[in-house]
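**Q** Quick one: the structure is below, questions incoming.
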Amino acid sequence: MSNTVLITGATGLIGKALVKNCLSQGFNVHYLTTRKSKITTQDNHKGFYWNPEFDDIDLECFEGVKVIINLAGSSIAQRWTKASKSSILTTRKKALELLYSSVKSHNFKIKHIISASAIGIYPDSKTRYYKEDFQGTDSSFLRTVVSSWENSLKAFISLGIKTTALRIGIVLDKHEGALPKISGPVKAFIGSPLGSGDQWQSWIHIDDLVRMFMFVLCSNIEGVFNAVAPNPVQQKDFVKSVAKALKRPLLFPKINKFLLNLALGEMSTIVTESQRVSSHKIQNLGFDYNFHELDVALSDLL
Ligand SMILES: NC(=O)c1ccc[n+]([C@@H]2O[C@H](COP(=O)([O-])OP(=O)(O)OC[C@H]3O[C@@H](n4cnc5c(N)ncnc54)[C@H](OP(=O)(O)O)[C@@H]3O)[C@@H](O)[C@H]2O)c1
């Protein structure tokens with residue numbers, strides 16, 4: 001079996017770490033990017049242009065590929081205007097649709113597609129403990145985006161291709177994503193809990209997330225899996241742990257929902273919603289985390 005993997009969204013936070021790991025484990029990486037300036041051509045690391053919005057894709061990217069890892073999508077962490085909401089939804093849908101139509105019409109021999117999904121599929125709740133088989137939903141923007149994303153992925157099943165969706169929690173990375181946004185104000189002595197502070201935040205260390213993608217890739221596991229660490233925390237405890245790791249006091253009270261909404265608009269729901277999510281399903285298949293507890297993850301990252 002060829003060891004070439006095709007990755008979309010490879011230039012992002014998760015993608016960069018994943019590509020590095022794939023290369024270090026001897027995989028050849030092909031990746032699709034919407035930015036021509038990001039295309040490099042090395043023997044084991046080749047970039048190809050695509051633009052799902054215009055159904056434009058360089059079909060050579062599929063040469064020798066058996067597995068696709070899909071991470072593409074315009075960032076959710078931007079102000080939700082009408083235009084950005086449309087882009088958040090359609091970029092994810094169109095990326096998968098273009099991969100699907102390309103594989104189907106050219107009969108490329110793909111065995112497995114592994115796609116990012118998100119724990120935002122689970123409704124806001126301070127009491128539920130979400131497992132993958134949870135069926136309820138609501139009509140909120142996040143639920144609509146993630147449900148449509150997972151539905152687009154299901155189309156590959158009709159081509160006899162194994163599909164895996166990883167419902168990713170808040171990814172903790174030293175340089176990008178949520179952690180610098182939380183640790184920056186704490187470092188500057190202006191950190192405080194966000195919203196009620198009681199909301200559950202299901203996080204995962206970037207290294208464990210990359211290891212989980214590799215685990216799914218190497219063991220050909222299919223289905224839907226939560227990609228969160230075993231111990232979610234409440235937001236106020238998250239900020240306290242960051243302050244402890246940085247040896248800073250928390251001098252300010254909570255920033256309430258109203259102020260957050262004023263500052264960030266509707267996208268403030270990303271930080272105020274509560275999702276306590278279980279990691280048991282993937283652990284039961286043998287996946288072992290390096291970072292179970294937030295304090296250990298933070299002392300590694302901060
Ligand atoms: N980070 C998290 O905490 C988190 C949590 C849950 C789920 N996720 C999901 O996991 C995926 C990867 O996350 P990430 O944090 O690595 O995201 P990221 O840093 O924003 O990277 C996403 C990548 O998607 C590609 N992209 C952007 N706009 C696109 C468009 N219009 N069409 C096609 N591709 C486009 C970009 O690649 P090019 O510019 O090279 O095309 C970009 O590098 C995302 O879909 C995200 O929603 C992330």
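Chain labels follow the order of the structure tokens: the first chain is A, the next B, and so on; residue numbering restarts at 1 in every chain, and ligands are counted from 1 in their shown order.
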Within 9 Å of A:Asn220, counting only C-alpha atoms, which residues qualify if same-chain residues fewer than 4 places away don't, as a ChimeraX atom specification?

**A** /A:112,162,164,215-216

**Q** Residues as selected, C-alpha atoms, written as an mmCIF file, in the first residue's frame, can you do that?

**A**
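Result saved to selection-v7.cif:
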data_model
loop_
_atom_site.group_PDB
_atom_site.id
_atom_site.type_symbol
_atom_site.label_atom_id
_atom_site.label_comp_id
_atom_site.auth_asym_id
_atom_site.auth_seq_id
_atom_site.Cartn_x
_atom_site.Cartn_y
_atom_site.Cartn_z
ATOM 1 C CA HIS A 112 -10.143 5.973 3.906
ATOM 2 C CA LYS A 162 -14.059 4.195 5.133
ATOM 3 C CA THR A 164 -13.848 8.800 10.210
ATOM 4 C CA PHE A 215 -3.699 6.357 15.456
ATOM 5 C CA VAL A 216 -6.800 6.469 13.232
#

**Q** Using only C-alpha atoms and all ligand atoms, find each residue with an atom at most 8 Å away from ligand 1 and format the answer as a PyMOL selection string.

**A** chain A and resi 8-16+32-35+38+50-53+70-76+87+91-92+94-95+116-120+167-172+176-178

**Q** Check the smallest atom-to-atom distance from each of A:Leu166, A:Leu194, A:Gln234, A:Ser299 to A:Lys254 using only C-alpha atoms, then report the winner.

**A**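 For A:Lys254, the nearest of the given residues is A:Leu194.
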
**Q** Step one, run DSSP on the backbone; step two, keep only residues of stretch 51-95 of chain A assigned to helix (DSSP H, G or I); then write them as a PDB file with C-alpha atoms, in the first residue's frame.

**A**
ATOM      1  CA  PRO A  52     -13.349  24.491  -3.649  1.00  0.00           C
ATOM      2  CA  GLU A  53     -15.431  27.634  -4.117  1.00  0.00           C
ATOM      3  CA  PHE A  54     -14.788  27.454  -7.891  1.00  0.00           C
ATOM      4  CA  LEU A  59      -6.060  16.240  -9.839  1.00  0.00           C
ATOM      5  CA  GLU A  60      -2.404  15.198  -9.663  1.00  0.00           C
ATOM      6  CA  CYS A  61      -2.728  15.554  -5.886  1.00  0.00           C
ATOM      7  CA  PHE A  62      -4.468  12.130  -5.831  1.00  0.00           C
ATOM      8  CA  LYS A  82     -23.476  37.321   7.207  1.00  0.00           C
ATOM      9  CA  ALA A  83     -20.565  36.855   4.778  1.00  0.00           C
ATOM     10  CA  SER A  84     -18.227  35.115   7.240  1.00  0.00           C
ATOM     11  CA  LYS A  85     -21.009  32.772   8.409  1.00  0.00           C
ATOM     12  CA  SER A  86     -21.688  31.794   4.836  1.00  0.00           C
ATOM     13  CA  SER A  87     -17.961  31.175   4.294  1.00  0.00           C
ATOM     14  CA  ILE A  88     -17.590  29.101   7.505  1.00  0.00           C
ATOM     15  CA  LEU A  89     -20.450  26.847   6.371  1.00  0.00           C
ATOM     16  CA  THR A  90     -19.791  26.576   2.655  1.00  0.00           C
ATOM     17  CA  THR A  91     -15.992  26.189   2.701  1.00  0.00           C
ATOM     18  CA  ARG A  92     -16.340  23.024   4.780  1.00  0.00           C
ATOM     19  CA  LYS A  93     -19.172  21.630   2.668  1.00  0.00           C
ATOM     20  CA  LYS A  94     -17.597  22.514  -0.676  1.00  0.00           C
ATOM     21  CA  ALA A  95     -14.161  21.146   0.263  1.00  0.00           C
TER      22      ALA A  95
END

**Q** With distances taken over only C-alpha atoms, which residue among A:Leu250, A:Val210, A:Leu98, A:Val239 lies nearest A:Asp198?

**A** A:Val239
